[in-house]
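Report on the structure given below.
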Amino acid sequence: MVSSLLGAGVLLCTLQASQATVTGRVSDRHSGLPVSGVVVTLTDLDRSSITDADGRYRFSEVPAGRQHIGVYHLSYTGRTLHALVPAAGVLEIDISLEREPIRVDELSVRSPPRLRGLETPSVEDHADRSLSLAAVRAHPTLAEPDVFGALDGGHVATDPEMPSGLHIHGGAGQHTGFVIDGFPVFNPYHSGGLFSAINPDAVAEISLFSTTPSAALPDALSGVVAARTLEPGDRTGLRGGASTTQARVTVDGPLGTSGAGYVLGARTGFPGPGLSPDEASYVRGGSHDWLAKLRLPAAGGELSLLGFGTRDGFSAAATAGAEGPDAVRNLFEWQGGTLGVAWEGTAGSTGLEIRGWRAATEAEARWTLDPETTANLETDRRDLGFQAQAERRDPLSGSLSRVGFRVERRATRYGLGADEADRSIGLGTAFLEGRRELGAGLSLALRGSVTAGVGPLRVAPGVRLGWIPGGGVTLSASYARQIQHAQSLRNEESLVGAIFPADLFVLAGGPDGVPVATSDIVVVAAEARPADGLRVGVQGYARDFSGLLLVAPAGGEPFATGTPGFVDSSRGGPGFAFGDGSARGLSVDLAAGGARVGVVAAYGIQRVLYRAGAIAYVPEHGATHRLQGGVNMLPGSTWSLRASIDAAFGRRVTAVPGALEWEACNLLDRGCEFGGSPHYGDAALGSTRAPAYARLDLGVRKHFHIRAGGRDAELGLYATVTNVFGRLNVLTYAIDGVDGNLVPIEMRSRAPLVLGVDCRF
């Protein structure tokens with residue numbers, strides 16, 4: 001299966017580039033004698049070695065590029081060295097240490113218990129894209145680490161400069177599911193300068209499953225983004241940072257000596273740099289998220305408890321040109337939270353997993369429909385779930401057998417003023433998966449699920465055939481059906497998604513007639529690694545949607561202005577329609593890495609069309625051509641220079657009648673500006689062609705090492721300038737109420753975007 005540009009590229013640059021060997025000898029600075037028992041670590045790769053009786057250490061298969069080498073011994077002063085590892089060969093680094101005797105009154109050493117099953121190397125399920133935290137940090141197209149933004153490129157798209165969702169293989173943002181450590185989370189989006197609501201410092205890895213996602217993952221039409229949180233360290237660690245868009249901190253460490261550990265993280269974000277003037281048009285508010293994890297041995301396995309929460313609140317002037325503190329404002333708030341508990345262990349050669357969760361989200365909005373009418377929206381979703389599965393893996397052959405079931409209770413409420421619809425359903429899903437090697441480089445993976453609860457049984461099959469003919473080439477073909485039992489009443493074509501990206505869920509398959517959405521996708525892919533540090537991938541896909549709930553064809557407000565099961569003639573109907581869609585596309589991904597430079601690039605061409613009755617339109621995320629690329633250069637061991645391009649051609653937008661004020665978040669304008677209550681009225685969806693979008697960004701980072709408390713601390717300073725050439729990029733058009741001409745709404749100007757500092761201890 002083709003791995004993605006971004007996952008492959010940055011991993012090549014930071015984790016999986018050309019391989020070399022790093023070795024050397026550690027000696028006493030004064031005597032010159034070898035020192036045994038010294039812990040030598042490759043900090044960025046979380047790998048360690050202990051010197052032997054001759055003071056020798058050795059690391060094989062080390063990726064090319066910048067690496068930090070930590071050296072620690074109880075009787076010597078610790079050191080941190082910078083190394084530029086070549087693409088191949090042997091790098092010899094000899095190290096001398098200064099004596100630093102430490103008086104120890106009492107020392108008790110107790111090894112943590114070995115838990116059954118941990119000795120067997122894990123074999124991860126196939127992911128379309130997978131990036132470690134180090135890869136996310138080193139991503140050349142990101143001004144700051146963002147675990148969702150790092151997945152962008154090729155067949156994954158976000159809206160330029162104002163992402164309100166991940167669009168995978170032509171799907172809408174509401175068609176993507178999200179999990180943290182296997183627990184579902186809802187609306188993990190921020191706005192006002194941030195995208196992902198998951199603190200990057202608390203994440204060890206982010207993966208995308210979309211081509212043939214596991215049936216053990218939640219139902220989602222386009223795919224599932226899975227975050228794996230940081231593992232608690234054996235001593236207290238601190239990560240954090242502050243910039244013109246956010247402030248964040250994450251702490252992890254052990255609890256006692258039994259093998260238990262914890263991770264705690266919190267973050268707050270600002271709309272722009274937090275320096276917004278008092279003018280009514282500037283967006284006001286903020287965003288917050290937190291994460292807490294506890295892991296401890298239990299019943300011969302491992303028990304995990306996870307808590308995650310996010311909250312956002314923003315307001316913007318309801319009328320363009322409004323002045324004064326008493327100007328009427330549109331208000332938007334959304335929050336979400338997940339509490340989960342899981343136990344993992346083994347019974348003989350079978351791995352067992354049991355998990356339960358409560359996941360919820362709420363959203364509120366006060367929206368000006370016209371000068372005399374306001375829509376007051378309140379909506380929420382509440383899920384309770386339990387899942388159990390058993391699996392067997394063969395780490396040598398890569399074979400897998402998994403069987404399990406999931407039981408869920410889902411409830412939603414969608415209310416506008418006094419009109420409200422409450423619904424709840426129960427769902428039961430049984431799933432089965434298998435993966436086998438057929439010989440001669442061929443492999444076959446099958447998966448299927450059956451869901452009961454509302455309407456007829458829903459069957460979701462999937463199959464993938466892979467072939468490795470040799471020479472670093474991998475070929476694959478796959479088919480999958482995806483099913484989604486909840487849909488959103490947010491209008492994804494509305495410009496308001498820039499500050500209100502929350503999905504507004506309603507249950508499907510119930511008495512309101514909202515259909516269960518389905519998707520059938522075929523993917524043919526190829527990957528080649530013609531040389532060390534070089535990877536090229538090609539992917540073609542065809543997808544068909546059915547049973548889509550679409551708000552845009554029925555109204556131009558940012559959300560449906562009628563509740564399911566309720567029709568208000570004064571509003572002209574429920575404010576949503578049902579339809580289908582199709583997406584056809586081809587993407588090419590390139591990644592190349594060496595000791596001092598890493599390059600990623602992706603190109604995607606697609607044709608996306610949504611239909612509802614006689615209305616057919618290209619959604620705004622369905623740009624015909626997308627091009628992204630970035631380079632990360634290492635002129636020295638502590639410097640990083642980045643340059644990235646982002647371009648889109650064939651964009652379709654829906655012109656907005658009336659006045660609108662808009663300024664993208666940047667330091668030059670001291671904030672984010674959004675004034676007006678844009679609605680489309682009778683404007684034809686996607687009828688206006690937007691000019692080509694193109695942007696060049698430049699960034700720089702410098703980091704330092706400081707000894708603090710006998711440990712090494714890393715302090716980094718970074719900055720990014722966006723749209724260096726000052727290109728006039730158009731977000732959409734407003735229709736002049738006097739002469740009917742189209743007035744362009746410009747996107748981000750040439751300006752400083754981010755200034756910040758981060759640290760790791």
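Following the order of the structure tokens, chains are lettered A, B, ..., residues in each are numbered from 1, and ligands are numbered from 1.
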**Request:** Determine which residues of segment 427-478 of chain A receive a DSSP assignment of strand (DSSP E), computed from the backbone, and state them as a PyMOL selection string.
**Result:** chain A and resi 427-439+442-452+458-470+473-478
Hey, what's within 6 Å of segment 521-529 of chain A if we count only C-alpha atoms and toss same-chain stuff fewer than 4 positions away? As a PDB file with all heavy atoms, in the first residue's frame, please?
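out_11.pdb, written as the output of this step:
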ATOM      1  N   VAL A   2       0.446   2.219  -0.738  1.00  0.00           N
ATOM      2  CA  VAL A   2       1.239   3.447  -0.823  1.00  0.00           C
ATOM      3  C   VAL A   2       1.206   4.179   0.493  1.00  0.00           C
ATOM      4  O   VAL A   2       0.180   4.384   1.079  1.00  0.00           O
ATOM      5  CB  VAL A   2       0.668   4.357  -1.923  1.00  0.00           C
ATOM      6  CG1 VAL A   2       1.346   5.708  -1.891  1.00  0.00           C
ATOM      7  CG2 VAL A   2       0.884   3.704  -3.265  1.00  0.00           C
ATOM      8  N   GLY A 472      12.445  -2.811  -4.411  1.00  0.00           N
ATOM      9  CA  GLY A 472      11.893  -1.684  -3.675  1.00  0.00           C
ATOM     10  C   GLY A 472      10.547  -1.214  -4.167  1.00  0.00           C
ATOM     11  O   GLY A 472      10.123  -0.101  -3.846  1.00  0.00           O
ATOM     12  N   VAL A 473       9.842  -2.049  -4.955  1.00  0.00           N
ATOM     13  CA  VAL A 473       8.547  -1.679  -5.515  1.00  0.00           C
ATOM     14  C   VAL A 473       7.437  -2.423  -4.775  1.00  0.00           C
ATOM     15  O   VAL A 473       7.556  -3.619  -4.484  1.00  0.00           O
ATOM     16  CB  VAL A 473       8.483  -2.001  -7.022  1.00  0.00           C
ATOM     17  CG1 VAL A 473       7.092  -1.722  -7.585  1.00  0.00           C
ATOM     18  CG2 VAL A 473       9.528  -1.189  -7.771  1.00  0.00           C
ATOM     19  N   THR A 474       6.355  -1.719  -4.462  1.00  0.00           N
ATOM     20  CA  THR A 474       5.169  -2.301  -3.839  1.00  0.00           C
ATOM     21  C   THR A 474       3.951  -1.878  -4.634  1.00  0.00           C
ATOM     22  O   THR A 474       3.770  -0.686  -4.930  1.00  0.00           O
ATOM     23  CB  THR A 474       5.012  -1.837  -2.388  1.00  0.00           C
ATOM     24  OG1 THR A 474       6.166  -2.203  -1.641  1.00  0.00           O
ATOM     25  CG2 THR A 474       3.789  -2.467  -1.748  1.00  0.00           C
ATOM     26  N   LEU A 475       3.106  -2.840  -5.000  1.00  0.00           N
ATOM     27  CA  LEU A 475       1.868  -2.584  -5.733  1.00  0.00           C
ATOM     28  C   LEU A 475       0.696  -3.073  -4.905  1.00  0.00           C
ATOM     29  O   LEU A 475       0.809  -4.068  -4.167  1.00  0.00           O
ATOM     30  CB  LEU A 475       1.877  -3.295  -7.089  1.00  0.00           C
ATOM     31  CG  LEU A 475       3.083  -3.039  -8.000  1.00  0.00           C
ATOM     32  CD1 LEU A 475       3.002  -3.913  -9.239  1.00  0.00           C
ATOM     33  CD2 LEU A 475       3.157  -1.573  -8.388  1.00  0.00           C
ATOM     34  N   SER A 476      -0.459  -2.405  -5.014  1.00  0.00           N
ATOM     35  CA  SER A 476      -1.627  -2.847  -4.258  1.00  0.00           C
ATOM     36  C   SER A 476      -2.897  -2.383  -4.942  1.00  0.00           C
ATOM     37  O   SER A 476      -2.908  -1.410  -5.699  1.00  0.00           O
ATOM     38  CB  SER A 476      -1.584  -2.316  -2.825  1.00  0.00           C
ATOM     39  OG  SER A 476      -1.714  -0.915  -2.805  1.00  0.00           O
ATOM     40  N   ALA A 477      -3.967  -3.102  -4.649  1.00  0.00           N
ATOM     41  CA  ALA A 477      -5.312  -2.734  -5.094  1.00  0.00           C
ATOM     42  C   ALA A 477      -6.267  -3.079  -3.962  1.00  0.00           C
ATOM     43  O   ALA A 477      -6.112  -4.111  -3.296  1.00  0.00           O
ATOM     44  CB  ALA A 477      -5.696  -3.478  -6.374  1.00  0.00           C
ATOM     45  N   SER A 478      -7.256  -2.207  -3.727  1.00  0.00           N
ATOM     46  CA  SER A 478      -8.149  -2.431  -2.597  1.00  0.00           C
ATOM     47  C   SER A 478      -9.550  -1.933  -2.902  1.00  0.00           C
ATOM     48  O   SER A 478      -9.751  -1.069  -3.762  1.00  0.00           O
ATOM     49  CB  SER A 478      -7.617  -1.730  -1.342  1.00  0.00           C
ATOM     50  OG  SER A 478      -7.601  -0.333  -1.519  1.00  0.00           O
ATOM     51  N   TYR A 479     -10.497  -2.497  -2.169  1.00  0.00           N
ATOM     52  CA  TYR A 479     -11.889  -2.049  -2.200  1.00  0.00           C
ATOM     53  C   TYR A 479     -12.395  -2.025  -0.768  1.00  0.00           C
ATOM     54  O   TYR A 479     -12.069  -2.908   0.039  1.00  0.00           O
ATOM     55  CB  TYR A 479     -12.774  -2.977  -3.039  1.00  0.00           C
ATOM     56  CG  TYR A 479     -14.252  -2.812  -2.704  1.00  0.00           C
ATOM     57  CD1 TYR A 479     -14.979  -1.742  -3.215  1.00  0.00           C
ATOM     58  CD2 TYR A 479     -14.887  -3.706  -1.840  1.00  0.00           C
ATOM     59  CE1 TYR A 479     -16.320  -1.571  -2.894  1.00  0.00           C
ATOM     60  CE2 TYR A 479     -16.227  -3.548  -1.509  1.00  0.00           C
ATOM     61  CZ  TYR A 479     -16.945  -2.479  -2.036  1.00  0.00           C
ATOM     62  OH  TYR A 479     -18.258  -2.301  -1.705  1.00  0.00           O
ATOM     63  N   ALA A 480     -13.199  -1.015  -0.440  1.00  0.00           N
ATOM     64  CA  ALA A 480     -13.773  -0.944   0.903  1.00  0.00           C
ATOM     65  C   ALA A 480     -15.113  -0.237   0.845  1.00  0.00           C
ATOM     66  O   ALA A 480     -15.297   0.720   0.080  1.00  0.00           O
ATOM     67  CB  ALA A 480     -12.839  -0.206   1.861  1.00  0.00           C
ATOM     68  N   LEU A 534      15.109   7.899  -0.917  1.00  0.00           N
ATOM     69  CA  LEU A 534      14.216   8.369  -1.973  1.00  0.00           C
ATOM     70  C   LEU A 534      12.984   7.471  -2.032  1.00  0.00           C
ATOM     71  O   LEU A 534      13.100   6.249  -2.063  1.00  0.00           O
ATOM     72  CB  LEU A 534      14.922   8.370  -3.325  1.00  0.00           C
ATOM     73  CG  LEU A 534      14.085   8.818  -4.528  1.00  0.00           C
ATOM     74  CD1 LEU A 534      13.612  10.254  -4.342  1.00  0.00           C
ATOM     75  CD2 LEU A 534      14.881   8.670  -5.817  1.00  0.00           C
ATOM     76  N   ARG A 535      11.820   8.104  -2.053  1.00  0.00           N
ATOM     77  CA  ARG A 535      10.571   7.359  -2.069  1.00  0.00           C
ATOM     78  C   ARG A 535       9.563   8.080  -2.951  1.00  0.00           C
ATOM     79  O   ARG A 535       9.386   9.296  -2.842  1.00  0.00           O
ATOM     80  CB  ARG A 535      10.021   7.253  -0.646  1.00  0.00           C
ATOM     81  CG  ARG A 535       8.812   6.357  -0.487  1.00  0.00           C
ATOM     82  CD  ARG A 535       8.453   6.299   0.981  1.00  0.00           C
ATOM     83  NE  ARG A 535       7.509   5.250   1.298  1.00  0.00           N
ATOM     84  CZ  ARG A 535       7.169   4.928   2.535  1.00  0.00           C
ATOM     85  NH1 ARG A 535       7.707   5.566   3.553  1.00  0.00           N
ATOM     86  NH2 ARG A 535       6.297   3.967   2.754  1.00  0.00           N
ATOM     87  N   VAL A 536       8.909   7.324  -3.854  1.00  0.00           N
ATOM     88  CA  VAL A 536       7.906   7.874  -4.757  1.00  0.00           C
ATOM     89  C   VAL A 536       6.661   7.010  -4.661  1.00  0.00           C
ATOM     90  O   VAL A 536       6.747   5.775  -4.698  1.00  0.00           O
ATOM     91  CB  VAL A 536       8.411   7.920  -6.212  1.00  0.00           C
ATOM     92  CG1 VAL A 536       7.342   8.529  -7.120  1.00  0.00           C
ATOM     93  CG2 VAL A 536       9.704   8.714  -6.309  1.00  0.00           C
ATOM     94  N   GLY A 537       5.501   7.657  -4.526  1.00  0.00           N
ATOM     95  CA  GLY A 537       4.250   6.925  -4.452  1.00  0.00           C
ATOM     96  C   GLY A 537       3.222   7.507  -5.404  1.00  0.00           C
ATOM     97  O   GLY A 537       3.169   8.715  -5.630  1.00  0.00           O
ATOM     98  N   VAL A 538       2.397   6.630  -5.972  1.00  0.00           N
ATOM     99  CA  VAL A 538       1.312   7.026  -6.871  1.00  0.00           C
ATOM    100  C   VAL A 538       0.052   6.315  -6.415  1.00  0.00           C
ATOM    101  O   VAL A 538       0.086   5.128  -6.054  1.00  0.00           O
ATOM    102  CB  VAL A 538       1.622   6.663  -8.342  1.00  0.00           C
ATOM    103  CG1 VAL A 538       0.482   7.100  -9.255  1.00  0.00           C
ATOM    104  CG2 VAL A 538       2.930   7.294  -8.790  1.00  0.00           C
ATOM    105  N   GLN A 539      -1.051   7.045  -6.412  1.00  0.00           N
ATOM    106  CA  GLN A 539      -2.314   6.461  -5.980  1.00  0.00           C
ATOM    107  C   GLN A 539      -3.450   6.994  -6.838  1.00  0.00           C
ATOM    108  O   GLN A 539      -3.576   8.200  -7.034  1.00  0.00           O
ATOM    109  CB  GLN A 539      -2.583   6.799  -4.513  1.00  0.00           C
ATOM    110  CG  GLN A 539      -3.864   6.197  -3.977  1.00  0.00           C
ATOM    111  CD  GLN A 539      -4.126   6.559  -2.528  1.00  0.00           C
ATOM    112  OE1 GLN A 539      -5.085   7.237  -2.210  1.00  0.00           O
ATOM    113  NE2 GLN A 539      -3.247   6.103  -1.650  1.00  0.00           N
ATOM    114  N   GLY A 540      -4.272   6.090  -7.365  1.00  0.00           N
ATOM    115  CA  GLY A 540      -5.479   6.462  -8.085  1.00  0.00           C
ATOM    116  C   GLY A 540      -6.690   5.909  -7.353  1.00  0.00           C
ATOM    117  O   GLY A 540      -6.645   4.800  -6.807  1.00  0.00           O
ATOM    118  N   TYR A 541      -7.762   6.675  -7.314  1.00  0.00           N
ATOM    119  CA  TYR A 541      -8.932   6.222  -6.556  1.00  0.00           C
ATOM    120  C   TYR A 541     -10.227   6.644  -7.248  1.00  0.00           C
ATOM    121  O   TYR A 541     -10.283   7.614  -8.006  1.00  0.00           O
ATOM    122  CB  TYR A 541      -8.910   6.768  -5.135  1.00  0.00           C
ATOM    123  CG  TYR A 541      -8.926   8.280  -5.018  1.00  0.00           C
ATOM    124  CD1 TYR A 541     -10.117   8.985  -4.957  1.00  0.00           C
ATOM    125  CD2 TYR A 541      -7.730   9.002  -4.987  1.00  0.00           C
ATOM    126  CE1 TYR A 541     -10.126  10.364  -4.858  1.00  0.00           C
ATOM    127  CE2 TYR A 541      -7.735  10.380  -4.882  1.00  0.00           C
ATOM    128  CZ  TYR A 541      -8.937  11.058  -4.817  1.00  0.00           C
ATOM    129  OH  TYR A 541      -8.947  12.430  -4.726  1.00  0.00           O
ATOM    130  N   ALA A 542     -11.272   5.883  -6.980  1.00  0.00           N
ATOM    131  CA  ALA A 542     -12.627   6.189  -7.440  1.00  0.00           C
ATOM    132  C   ALA A 542     -13.566   5.905  -6.279  1.00  0.00           C
ATOM    133  O   ALA A 542     -13.550   4.807  -5.713  1.00  0.00           O
ATOM    134  CB  ALA A 542     -12.995   5.342  -8.650  1.00  0.00           C
ATOM    135  N   ARG A 543     -14.374   6.890  -5.918  1.00  0.00           N
ATOM    136  CA  ARG A 543     -15.270   6.755  -4.756  1.00  0.00           C
ATOM    137  C   ARG A 543     -16.663   7.235  -5.135  1.00  0.00           C
ATOM    138  O   ARG A 543     -16.827   8.231  -5.857  1.00  0.00           O
ATOM    139  CB  ARG A 543     -14.737   7.571  -3.587  1.00  0.00           C
ATOM    140  CG  ARG A 543     -15.765   7.916  -2.532  1.00  0.00           C
ATOM    141  CD  ARG A 543     -15.143   8.552  -1.318  1.00  0.00           C
ATOM    142  NE  ARG A 543     -14.788   7.534  -0.340  1.00  0.00           N
ATOM    143  CZ  ARG A 543     -13.945   7.738   0.663  1.00  0.00           C
ATOM    144  NH1 ARG A 543     -13.340   8.900   0.796  1.00  0.00           N
ATOM    145  NH2 ARG A 543     -13.700   6.777   1.518  1.00  0.00           N
TER     146      ARG A 543
END
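Closest approach to Leu339 of chain A among A:Asn723, A:Ser304, A:Gln246, A:Thr41 is made by A:Ser304 (distances from only C-alpha atoms).
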**Asked** Using only C-alpha atoms, which of the listed residues (A:Gly726, A:Gly241, A:Pro501, A:Gly313) sits closest to Met747 of chain A?
**Response** A:Gly726
**Prompt:** Could you pull the residues within 7 Å of Gln387 of chain A, counting only C-alpha atoms, minus those fewer than 6 positions along the same chain, as a VMD selection string?
**Reply:** chain A and resid 354 to 356 405 to 407
Kindly export the residues of the current selection with N, CA, C and O atoms, as an mmCIF file, in the first residue's frame.
data_model
loop_
_atom_site.group_PDB
_atom_site.id
_atom_site.type_symbol
_atom_site.label_atom_id
_atom_site.label_comp_id
_atom_site.auth_asym_id
_atom_site.auth_seq_id
_atom_site.Cartn_x
_atom_site.Cartn_y
_atom_site.Cartn_z
ATOM 1 N N ILE A 354 -10.019 -4.923 25.940
ATOM 2 C CA ILE A 354 -11.363 -4.529 26.373
ATOM 3 C C ILE A 354 -11.327 -3.035 26.639
ATOM 4 O O ILE A 354 -10.430 -2.547 27.327
ATOM 5 N N ARG A 355 -12.304 -2.312 26.108
ATOM 6 C CA ARG A 355 -12.332 -0.873 26.330
ATOM 7 C C ARG A 355 -13.771 -0.369 26.423
ATOM 8 O O ARG A 355 -14.678 -0.906 25.797
ATOM 9 N N GLY A 356 -13.951 0.668 27.226
ATOM 10 C CA GLY A 356 -15.244 1.331 27.334
ATOM 11 C C GLY A 356 -15.023 2.836 27.344
ATOM 12 O O GLY A 356 -13.965 3.322 27.752
ATOM 13 N N PHE A 405 -16.366 -7.406 18.883
ATOM 14 C CA PHE A 405 -17.693 -6.808 18.785
ATOM 15 C C PHE A 405 -17.685 -5.470 19.515
ATOM 16 O O PHE A 405 -16.860 -5.211 20.388
ATOM 17 N N ARG A 406 -18.662 -4.624 19.146
ATOM 18 C CA ARG A 406 -18.799 -3.296 19.724
ATOM 19 C C ARG A 406 -20.281 -3.024 19.966
ATOM 20 O O ARG A 406 -21.126 -3.297 19.107
ATOM 21 N N VAL A 407 -20.575 -2.481 21.138
ATOM 22 C CA VAL A 407 -21.949 -2.120 21.500
ATOM 23 C C VAL A 407 -21.951 -0.636 21.847
ATOM 24 O O VAL A 407 -21.112 -0.175 22.628
#
**Asked** If we count only C-alpha atoms, what is near segment 51-54 of chain A at a cut-off of 8 Å, once residues fewer than 2 positions away on the same chain are taken out, given as an MDAnalysis selection string?
**Response** chainID A and resid 25:26 34:40 49 56:57
**Request:** Please provide as a PyMOL selection string all residues within 8 Å of Asn729 of chain A, with the sequence filter that same-chain residues fewer than 2 positions apart are discarded (counting only C-alpha atoms).
**Result:** chain A and resi 691-694+727+731+746-748
Kindly save the residues from that selection, with N, CA and C atoms included, as a PDB file, in the first residue's frame.
ATOM      1  N   PRO A 691      -9.506  32.463  -8.693  1.00  0.00           N
ATOM      2  CA  PRO A 691      -8.194  32.414  -9.361  1.00  0.00           C
ATOM      3  C   PRO A 691      -7.270  31.427  -8.663  1.00  0.00           C
ATOM      4  N   ALA A 692      -6.195  31.084  -9.343  1.00  0.00           N
ATOM      5  CA  ALA A 692      -5.229  30.146  -8.775  1.00  0.00           C
ATOM      6  C   ALA A 692      -4.700  30.666  -7.445  1.00  0.00           C
ATOM      7  N   TYR A 693      -4.539  29.748  -6.517  1.00  0.00           N
ATOM      8  CA  TYR A 693      -4.003  30.082  -5.197  1.00  0.00           C
ATOM      9  C   TYR A 693      -2.553  29.625  -5.138  1.00  0.00           C
ATOM     10  N   ALA A 694      -1.673  30.475  -4.616  1.00  0.00           N
ATOM     11  CA  ALA A 694      -0.265  30.095  -4.472  1.00  0.00           C
ATOM     12  C   ALA A 694       0.341  30.898  -3.331  1.00  0.00           C
ATOM     13  N   ARG A 727       1.501  37.635  -2.817  1.00  0.00           N
ATOM     14  CA  ARG A 727       0.537  37.314  -3.869  1.00  0.00           C
ATOM     15  C   ARG A 727      -0.889  37.594  -3.392  1.00  0.00           C
ATOM     16  N   LEU A 731     -10.042  34.362  -1.196  1.00  0.00           N
ATOM     17  CA  LEU A 731     -10.789  33.381  -0.423  1.00  0.00           C
ATOM     18  C   LEU A 731     -12.134  33.098  -1.079  1.00  0.00           C
ATOM     19  N   GLU A 746      -9.802  38.949   0.121  1.00  0.00           N
ATOM     20  CA  GLU A 746      -8.410  38.521   0.042  1.00  0.00           C
ATOM     21  C   GLU A 746      -8.024  37.625   1.208  1.00  0.00           C
ATOM     22  N   MET A 747      -7.028  36.805   0.965  1.00  0.00           N
ATOM     23  CA  MET A 747      -6.504  35.925   1.996  1.00  0.00           C
ATOM     24  C   MET A 747      -5.271  36.545   2.629  1.00  0.00           C
ATOM     25  N   ARG A 748      -4.456  35.741   3.286  1.00  0.00           N
ATOM     26  CA  ARG A 748      -3.357  36.251   4.107  1.00  0.00           C
ATOM     27  C   ARG A 748      -2.363  37.073   3.286  1.00  0.00           C
TER      28      ARG A 748
END
Closest pair table for segment 212-266 of chain A residues within 6 Å of segment 176-200 of chain A, only C-alpha atoms, as a Markdown table:
| residue | atom | partner | partner_atom | distance |
| --- | --- | --- | --- | --- |
| A:Ala220 | CA | A:Gly177 | CA | 5.3 |
| A:Ser222 | CA | A:Thr176 | CA | 5.4 |
| A:Gly223 | CA | A:Thr176 | CA | 5.3 |
| A:Val224 | CA | A:Gly177 | CA | 4.5 |
| A:Val225 | CA | A:Phe178 | CA | 4.8 |
| A:Ala226 | CA | A:Val179 | CA | 4.9 |
| A:Ala227 | CA | A:Ile180 | CA | 4.7 |
| A:Arg228 | CA | A:Asp181 | CA | 5.0 |
Output file for the residues above (N, CA and C atoms, as an mmCIF file, in the first residue's frame):
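What landed in out-v9.cif:
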data_model
loop_
_atom_site.group_PDB
_atom_site.id
_atom_site.type_symbol
_atom_site.label_atom_id
_atom_site.label_comp_id
_atom_site.auth_asym_id
_atom_site.auth_seq_id
_atom_site.Cartn_x
_atom_site.Cartn_y
_atom_site.Cartn_z
ATOM 1 N N ALA A 220 -16.900 5.746 9.974
ATOM 2 C CA ALA A 220 -16.658 7.053 9.378
ATOM 3 C C ALA A 220 -16.532 6.853 7.881
ATOM 4 N N SER A 222 -15.070 8.501 5.329
ATOM 5 C CA SER A 222 -13.828 8.692 4.569
ATOM 6 C C SER A 222 -12.609 8.047 5.205
ATOM 7 N N GLY A 223 -12.617 7.856 6.510
ATOM 8 C CA GLY A 223 -11.461 7.293 7.188
ATOM 9 C C GLY A 223 -11.382 7.776 8.619
ATOM 10 N N VAL A 224 -10.363 7.310 9.317
ATOM 11 C CA VAL A 224 -10.198 7.613 10.741
ATOM 12 C C VAL A 224 -8.770 8.090 10.972
ATOM 13 N N VAL A 225 -8.645 9.197 11.697
ATOM 14 C CA VAL A 225 -7.352 9.703 12.146
ATOM 15 C C VAL A 225 -7.147 9.217 13.575
ATOM 16 N N ALA A 226 -6.047 8.511 13.807
ATOM 17 C CA ALA A 226 -5.781 7.903 15.107
ATOM 18 C C ALA A 226 -4.523 8.498 15.714
ATOM 19 N N ALA A 227 -4.659 9.047 16.911
ATOM 20 C CA ALA A 227 -3.523 9.586 17.648
ATOM 21 C C ALA A 227 -3.144 8.616 18.754
ATOM 22 N N ARG A 228 -1.838 8.343 18.868
ATOM 23 C CA ARG A 228 -1.322 7.538 19.979
ATOM 24 C C ARG A 228 -0.556 8.468 20.902
#
**Request:** For atom CA of Leu291 of chain A and atom CA of Leu255 of chain A, determine how far apart the two atoms are, in Å to one decimal place.
**Result:**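 Taking atom CA of Leu291 of chain A as the start and atom CA of Leu255 of chain A as the end point, the length is 17.3 Å.
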**Prompt:** Using only C-alpha atoms, which residues sit within 7 Å of Arg626 of chain A once same-chain residues fewer than 4 positions away are excluded, as a list in words?
**Reply:**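 Selected residues are Tyr603, Gly604, Ile605, Ala647, Ala648 and Phe649 of chain A.
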Output file for the selection above: C-alpha atoms, as a PDB file, in the first residue's frame:
ATOM      1  CA  TYR A 603       0.477  16.679  -6.292  1.00  0.00           C
ATOM      2  CA  GLY A 604      -3.174  15.727  -6.490  1.00  0.00           C
ATOM      3  CA  ILE A 605      -5.741  15.985  -9.256  1.00  0.00           C
ATOM      4  CA  ALA A 647      -0.960  25.955  -4.495  1.00  0.00           C
ATOM      5  CA  ALA A 648      -4.477  25.130  -5.679  1.00  0.00           C
ATOM      6  CA  PHE A 649      -5.986  25.451  -9.142  1.00  0.00           C
TER       7      PHE A 649
END
Taking a cut-off of 12 Å and counting only C-alpha atoms, can you build a table that, for each residue of segment 327-348 of chain A near segment 495-498 of chain A, reports the nearest atom pair and how far apart they are in Å (one decimal), sorted by chain then residue number, as JSON lines?
{"residue": "A:Asn330", "atom": "CA", "partner": "A:Val496", "partner_atom": "CA", "distance": 10.4}
{"residue": "A:Leu331", "atom": "CA", "partner": "A:Val496", "partner_atom": "CA", "distance": 11.2}
{"residue": "A:Phe332", "atom": "CA", "partner": "A:Val496", "partner_atom": "CA", "distance": 10.0}
Using only C-alpha atoms, what table do you get, as a tab-separated table, when you list each residue of segment 154-229 of chain A with an atom no more than 12 Å from segment 388-393 of chain A, its nearest pair of atoms, and their distance in Å rounded to one decimal, rows by chain then rising number?
residue	atom	partner	partner_atom	distance
A:Gly182	CA	A:Ala388	CA	11.9
A:Ala215	CA	A:Gln389	CA	11.0
A:Ala216	CA	A:Gln389	CA	8.3
A:Leu217	CA	A:Gln389	CA	11.5
**Message:** Residues near Ala363 of chain A, anyone? I mean within 7 Å using only C-alpha atoms, not counting same-chain ones fewer than 4 positions away, as an MDAnalysis selection string.
**Reply:** chainID A and resid 333:335 378:380
